[in-house]
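Everything below concerns the one structure shown next.
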Number of protein chains: 2
Amino acid sequence: MNDAGTPADTREAMMLATYRALCEHGYSDTTIQRIADRFDKSKSLLYYHYDTKEKLLADFLGYLLDELDDELGGSPGDDPEATLRSMIDRIVPAEPTDEELRFRKALLEIRSQAPYHQSYREQFVRSDAIIVTKMATSIERGVEQGTFRDVDPQRTASFVLSSLYGILERGVTLEDTRRIERDRAFLLDLVDAHVVGDVTS
Amino acid sequence: MNDAGTPADTREAMMLATYRALCEHGYSDTTIQRIADRFDKSKSLLYYHYDTKEKLLADFLGYLLDELDDELGGSPGDDPEATLRSMIDRIVPAEPTDEELRFRKALLEIRSQAPYHQSYREQFVRSDAIIVTKMATSIERGVEQGTFRDVDPQRTASFVLSSLYGILERGVTLEDTRRIERDRAFLLDLVDAHVVGDVTS
């Protein structure tokens, strides 16, 4: 939100309009006009808050991140294995819907623009740090509890996240959902063998 | 090449001009004009061959793929472990130069456009199949020779490739080269533990 005085439901409505435009048009073909077309309140209100697509999109990424932060879990009382699995599910769903895939296509486009737009990059750096930290904390807890193998939590979390992004990147680029499922299953097997399972051996 | 009569050195020069423009401007900001500016022969020759940026870029991807196909190795006589490692190095270099990183940024942008441009997607589908097949063939040979563990070659190759693309995707998006090195080292450890090493256990 770029104005502390915006009512929460107005911002929600602007974010929803952005989400819908991205799902329908992808990032490159999304314009402020197309977002305004999906905004059910005064269009001038949207233009008043955001004078460029980049500003609106950067705010949208921040909004997504706050949602993700709430949803990822990882509270001290949570079961480390269940938390790790639910994080993996949240990033790469087992059976993504068409809408989830369309949105991930648009997100990949935005991510590919991060090197050229500092405002995007800042949001992705922040979300990356939050996800890796939460995942590493869960792994660390599992190691401490003796239910996980003695892996390096930070390195493991970083690699798991990279492989999840790669599974999405290839699945989206090649438009191959079965590949996402297969690679995701392979990653879960790896996590079972190298992180979660067989702690006594 | 969209014209069988183009001399090889002319095509080479057009591809080099495309590569240079992508490294300098990224994909979004690369125009046919900017490619023509880097072409050391007649500009009208370039416009004669390619009337849109999309056609030129799709041909460039095909050209890259032919180069990659030659470089990846994996002949029947090659050592499976050395081949697998050199494939990993080829896709994610151990210490990428600035130019290699700039080019990978531009490639990520083009990959993110594949869902919207069939001509790009066709080239990426083709390159993906070639890389996975070569990698799986090397793994299969290692398994048959008894130097690799008894892994599923196809699933393993697909996951390794996804994780390599993810390592690049995150490193490029976040502009963090050390992360690329760390995740890459983790993948090599995994390959050692899960594919190459410890076959007697």
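Numbering starts fresh at 1 for the residues of each chain in the structure tokens, the chains themselves are lettered A, B, ... in the order given, and ligands are numbered from 1 as they appear.
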- Query: Which residues of chain B are close to chain A, meaning at most 8 Å apart when you count only C-alpha atoms, and how do they look as a VMD selection string?
  - Reply: chain B and resid 105 108 to 109 111 to 115 121 124 to 125 155 to 156 158 to 159 162 to 167 169 to 170 172 to 175 182 to 183 186 to 187
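Of the residues listed (B:Val191, B:Thr83, B:Ser119, B:Arg149), B:Ser119 shows the shortest atom-to-atom separation from Gly62 in chain B; distances use only C-alpha atoms.
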- Query: Near Glu81 in chain A, counting only C-alpha atoms, which residues have an atom at most 9 Å away, once you skip same-chain residues fewer than 2 positions from it, shown as a list in words?
  - Reply: Asp78, Asp79, Thr83, Leu84, Arg85, Ser86, Ser138, Ile139, Gly142, Thr147, Phe148 and Val196 of chain A
- Please provide as a ChimeraX atom specification all residues within 10 Å of Ala36 in chain B, with the sequence filter that same-chain residues fewer than 2 positions apart are discarded (counting only C-alpha atoms). /B:14,17-18,21,31-34,38-47
- as JSON, numbers by chain, which residues of range 99-158 of chain A does DSSP assign to alpha helix (DSSP H)? {"A": [99, 100, 101, 102, 103, 104, 105, 106, 107, 108, 109, 110, 111, 112, 113, 118, 119, 120, 121, 122, 123, 124, 125, 126, 127, 128, 129, 130, 131, 132, 133, 134, 135, 136, 137, 138, 139, 140, 141, 142, 143, 144, 145, 153, 154, 155, 156, 157, 158]}
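The interatomic distance for the pair CA of Asp189 in chain B and CA of Thr97 in chain B works out to 23.0 Å.
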- Give the answer as one residue: which of A:Thr177, A:Pro96, A:Ile130, A:Val195 has the shortest atom-to-atom distance to Val143 in chain A, using only C-alpha atoms?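 Checking each of A:Thr177, A:Pro96, A:Ile130, A:Val195 against Val143 in chain A, counting only C-alpha atoms, the winner is A:Val195.
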- Which polymer residues have any atom within 9 Å of an atom of Asp59 in chain B, counting only C-alpha atoms, with same-chain residues fewer than 4 positions away left out, as a PyMOL selection string? chain B and resi 1-2+15+54-55+63-64+119-120+123
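When CA of Thr10 in chain B is paired with CA of His117 in chain B, their separation reads 25.9 Å.
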